[in-house]
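Some notes on the structure that comes next.
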Amino acid sequence: MEKGRVPEEELKSSSLPTLPPTIPSNVKPESLKPPKYSIVSRGEVGTSGRKISLLANHFKVSVSATDAVFYQYTVTISSEDRRVVENKRIGRKLVDKLYQTYSSELAGKRFAYDGEKSLYTVGPLPQNKFEFTIVMEESFAKWNPDAGGGPPESGKRTKCSFLSKTYIVELSYSTKIPFKSISLALSGVESDNRSQDSLRVLDIILRQQAADRGCLLVRQSFFQDDSRNYVDVEGGVLGLRGFHSSFRPTQGGLSLNMDVTTTMVLRPGPVFEFLKQNLNLKDDQFWMKAKRILKNLRIKTVHRNMEFKIVGLSEKPCSELYFPMKVKNGDSGEAQTVEITVYEYFTKHCGIELTYSADMPCLALGKPKCPNYLPLELCSLVPLQRYTKALSSNQRATLVERSRQKPRERIQILNDALRNNKFNENPVLVECGISIGRQLTEVDGRILETPRLKVGNHEDCIPRNGRWNFNNKRLLDPKRIERWIGVNFSARCDLSRISRDLISCARNKGIEMERPHTLIEEDRQHAAKASPAARVEAMFEQIIAKLPGPPDFILCVLPMRKNSDIYGPWKKKCLCDMGIVTQCISPGKITDQYLTNVLLKINSKLGGINSLLEIERPSNLPLIKDTPTLILGMDVSHGAPGRSDVPSIAAVVGSLHWPLISRYRASVRTQSPKMEMIEALYKPTPDGKDDGIIRELLLDFYRTSGSRKPKQIIVFRDGVSESQFNQVLNIELEQIVKAYQLLGDSDVPKFTVIVAQKNHHTKLFQASAPENVPPGTVVDTKIVHPRNYDFYMCAHAGMIGTSRPAHYHVLLDEIGFSPNDLQNLIHALSYVYQRSTTAISIVAPICYAHHAAHQVGQFLKFDELSETSSGNVTSAGSIIVPDLPRLKKNVAASMFFC
């Protein structure tokens, strides 16, 4: 899932402020008031649990020149005719040459450049404004037969193989950024809003150093072209290991957080080899897809080692692509124009043997309006080109398997990277008195007590190492399954045997499961020709014909384990059209554990309870047991990177049956693409009612909790960055309050708002053992924020690789939890996940919200919606966000997302 960021733009002079794109469209500018809520500061720290000595991948930063001042200059690049140049790739080259050429004019000062519009120095430059002329030689000029470019479409050519191009680079003073703001934020004297600018400059200094070494830069990570860092995930795609680095303010002072990270790049090498690995050669649309994949990629010519950008493919193959060429007449010596193919030009006039290019299109290179053409086999993809499309399930699995590192291995890699990168020799860091230590930070952690569970027959279940099982145990509240059926969408399996094994396993777990009413096999001949939606409709025609009424439950066998195109249409038909609970499976090897996991999901969807925390019944939850409390989990999922035409999916789950904290229902809506703030928490209608998410959840809480309204609401929010915390408090929380009040209660409940982050780079290691930290490990000192209320928790057992703790930020706590009570509650919420028998890495309400967003998102075929611009774009260019179909009432309040 991709998360949104808030752009830092200056407000334009107008009567109203410009809204950042993350503010929902239903929030009007004139309604924005001064913030009602502010982020809470840290109070006490937790004390419960057994102490453990840990290491964190934070390296201590020492600062000797706290009075240093960064000077920011705006960089403007233009051509000779004063047209502004926006090409980011040329920016660093020009600034590098600027320093080499005009160092004396700049008083020899070293600087850090962000690659776009800002340049930073320690102390001022001699002047507030400079204008420099830079001459750059470009080796990929227009076509010259002797220079190695391909024939142009028009046949025109230039006499020179290198073109000198003149640029004008202007530097103009922008602002001062005092370094002492960091020390003030570290001491808690002021908020870290001002210190963020100084920290950003420090990060840019390290990025500049990586850029000078030729690294690929991706946000705050850098990647070097080294064969030892590559992981082949097939399909012409490689995982490239690199390093994240960011300066962070902590209780222990300024630290450098450094971590191993991976980005995806294209495999460098022959272009056609990449296409063969990425596409199916037998596909009728092979070249159409190839054109889309190759556009804007960079290649080098094999025969002349010159770099070009791909702008497309020729419409005709190499042996039929003619261009006019002037050749000398052997008798008279006069030049005459002849028509010659690209294939003939390279084989006869250049003496280059082409083995497979004759029947293939040529690459169109250079400028789109006047491209040069080259045969594919003379072109090779250059290294360090990012692959931004979503990986297939097989590629993701391969990447995880081949790139994971055990804790000790990761520590060694980080220590080696810190030594090899020589940050302490960076001249700009030296100038501002910064040195970076080489030892991981020692930190004290605590291991919280493992929650005890209740299962069937009044038995206790004590998890060990974050895991438990139902061997010889029964579910706490198993549901009887009377009328059910099984359907098979052409998977190669024995459906009757699966049903028998499932019934046997169910009875062992306490579920009274009757024999299936019928088992239906799909007609494979029909399946080969029909669309997924048509296959689902045909299956339901058989179901309706064979059953006297709707079944309680349908077991559906899919032919593919992941990404089956049947899944979305099937779920939509069952949940939205028919109101039938369904469980999809794609079994490989049928084991008792596999069937048990399937039954956990089925029982939860049908309203049963697999297990409860011992402290839930009777309730012994501090501050919750005596006051009706609603727990919300909120998440937004976005389309794949680069898909700005795909609506985002917002999902919120709410707890039911207070004082339980194990039962939830979900409400899901679409919203504008890449919008991180949830739009439809409160959605007023023209008749004065509310059609928003929160109203649904409040009504079901009231219905299942003895006709009680929640007097306390705990909000767990996933997926927002630190720059969006205030928006969560003052936009989303305000919508929740309005929805609550519209139900007829003028009182406002007390709120506790917690943001959970998994997308961070802090890792924890045991100081005395080469294993992952134990489940239940919590850290709330030294590496946490110096002022704000945050902590790290690793609730799960890391079985492979290195565990990543969840980072919890408490933004608001009106309920008044003590640190011990809040940390134990969050730990407990990692054990109520009904889908599995393991503690999970983040609280269950957030996981449920993520599953609900993903599952309901499958109802809409966003890939098809985006094929034609007229289908989802207005005449004004805005995206039409389609409404999601609503679930039938009898399944809407179920845990359909389990």
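Identifiers in the structure tokens: chain A, B, ... in order shown; residue index from 1 per chain; ligand index from 1 in order shown.
Neighbouring residues of Val653 (chain A) at 6 Å or closer, counting only C-alpha atoms and skipping chain neighbours under 3 positions away, are Leu632, Gly633, Arg665, Ala666 and Ala849 of chain A.
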Next, dump the selected residues to file, keeping only N, CA and C atoms, as a tab-separated table (two decimals), in the first residue's frame.
chain	number	residue	atom	x	y	z
A	632	LEU	N	-11.77	2.16	17.20
A	632	LEU	CA	-11.78	2.32	15.75
A	632	LEU	C	-10.40	2.01	15.18
A	633	GLY	N	-10.37	1.35	14.04
A	633	GLY	CA	-9.15	1.16	13.26
A	633	GLY	C	-9.36	1.78	11.89
A	665	ARG	N	-16.78	-4.64	13.06
A	665	ARG	CA	-17.42	-4.58	11.75
A	665	ARG	C	-16.74	-3.45	10.97
A	666	ALA	N	-16.91	-3.43	9.66
A	666	ALA	CA	-16.18	-2.47	8.82
A	666	ALA	C	-17.14	-1.65	7.98
A	849	ALA	N	-8.93	-3.17	9.13
A	849	ALA	CA	-9.24	-2.07	8.21
A	849	ALA	C	-8.49	-2.25	6.89
Write out as a PyMOL selection string all residues of region 511-569 of chain A that DSSP puts in strand (DSSP E) for this structure's backbone. chain A and resi 518-521+553-557
Residue subset to file, keeping N, CA and C atoms, as a PDB file, in the first residue's frame:
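Output below, filename part-v5.pdb:
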ATOM      1  N   THR A 518     -24.812 -29.415  -1.673  1.00  0.00           N
ATOM      2  CA  THR A 518     -24.387 -29.829  -3.006  1.00  0.00           C
ATOM      3  C   THR A 518     -22.977 -29.320  -3.249  1.00  0.00           C
ATOM      4  N   LEU A 519     -22.295 -29.982  -4.164  1.00  0.00           N
ATOM      5  CA  LEU A 519     -20.971 -29.548  -4.624  1.00  0.00           C
ATOM      6  C   LEU A 519     -21.064 -29.294  -6.127  1.00  0.00           C
ATOM      7  N   ILE A 520     -20.581 -28.131  -6.564  1.00  0.00           N
ATOM      8  CA  ILE A 520     -20.747 -27.740  -7.974  1.00  0.00           C
ATOM      9  C   ILE A 520     -19.380 -27.526  -8.618  1.00  0.00           C
ATOM     10  N   GLU A 521     -19.145 -28.207  -9.713  1.00  0.00           N
ATOM     11  CA  GLU A 521     -17.908 -28.041 -10.490  1.00  0.00           C
ATOM     12  C   GLU A 521     -18.200 -27.159 -11.699  1.00  0.00           C
ATOM     13  N   PHE A 553     -23.667 -20.463   3.867  1.00  0.00           N
ATOM     14  CA  PHE A 553     -22.233 -20.263   3.639  1.00  0.00           C
ATOM     15  C   PHE A 553     -21.837 -20.987   2.351  1.00  0.00           C
ATOM     16  N   ILE A 554     -20.874 -20.403   1.599  1.00  0.00           N
ATOM     17  CA  ILE A 554     -20.356 -21.040   0.381  1.00  0.00           C
ATOM     18  C   ILE A 554     -18.846 -21.147   0.484  1.00  0.00           C
ATOM     19  N   LEU A 555     -18.339 -22.356   0.301  1.00  0.00           N
ATOM     20  CA  LEU A 555     -16.901 -22.579   0.185  1.00  0.00           C
ATOM     21  C   LEU A 555     -16.541 -22.506  -1.292  1.00  0.00           C
ATOM     22  N   CYS A 556     -15.627 -21.614  -1.645  1.00  0.00           N
ATOM     23  CA  CYS A 556     -15.281 -21.388  -3.049  1.00  0.00           C
ATOM     24  C   CYS A 556     -13.819 -21.737  -3.279  1.00  0.00           C
ATOM     25  N   VAL A 557     -13.563 -22.653  -4.201  1.00  0.00           N
ATOM     26  CA  VAL A 557     -12.195 -23.063  -4.544  1.00  0.00           C
ATOM     27  C   VAL A 557     -11.758 -22.315  -5.801  1.00  0.00           C
TER      28      VAL A 557
END
How would you write, as a PyMOL selection string, the set of residues in region 758-836 of chain A that DSSP gives as alpha helix (DSSP H)? chain A and resi 819-828
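Considering the residues A:Ala364, A:Arg396, A:Pro622, A:Val327 and counting only C-alpha atoms, Asn820 (chain A) has its shortest atom-to-atom contact with A:Pro622.
Excluding Ile649 (chain A) and any residue on its chain fewer than 4 positions from it, the residues at most 8 Å away by only C-alpha atoms are A:Val636, A:Ser637, A:His638, A:Val668, A:Arg669, A:Thr670, A:Gln671, A:Ala853, A:His854, A:Gly857.
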Computed gap from CA of Thr627 (chain A) to CA of Tyr664 (chain A) is 18.1 Å
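Counting only C-alpha atoms and comparing A:Val536, A:Cys898, A:Leu475, A:Leu860, the residue that lies closest to Arg507 (chain A) is A:Leu475.
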Hey, what's within 8 Å of region 120-128 of chain A if we count only C-alpha atoms and toss same-chain stuff fewer than 4 positions away? As number ranges by chain, please? A: 68-73, 105-107, 109-113, 171-173, 201, 428, 431-432
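The two atoms in question, CA of Gly366 (chain A) and CA of Glu86 (chain A), are spaced 17.1 Å apart.
Here CA of Val302 (chain A) and CA of Lys276 (chain A) stand 18.8 Å from one another.
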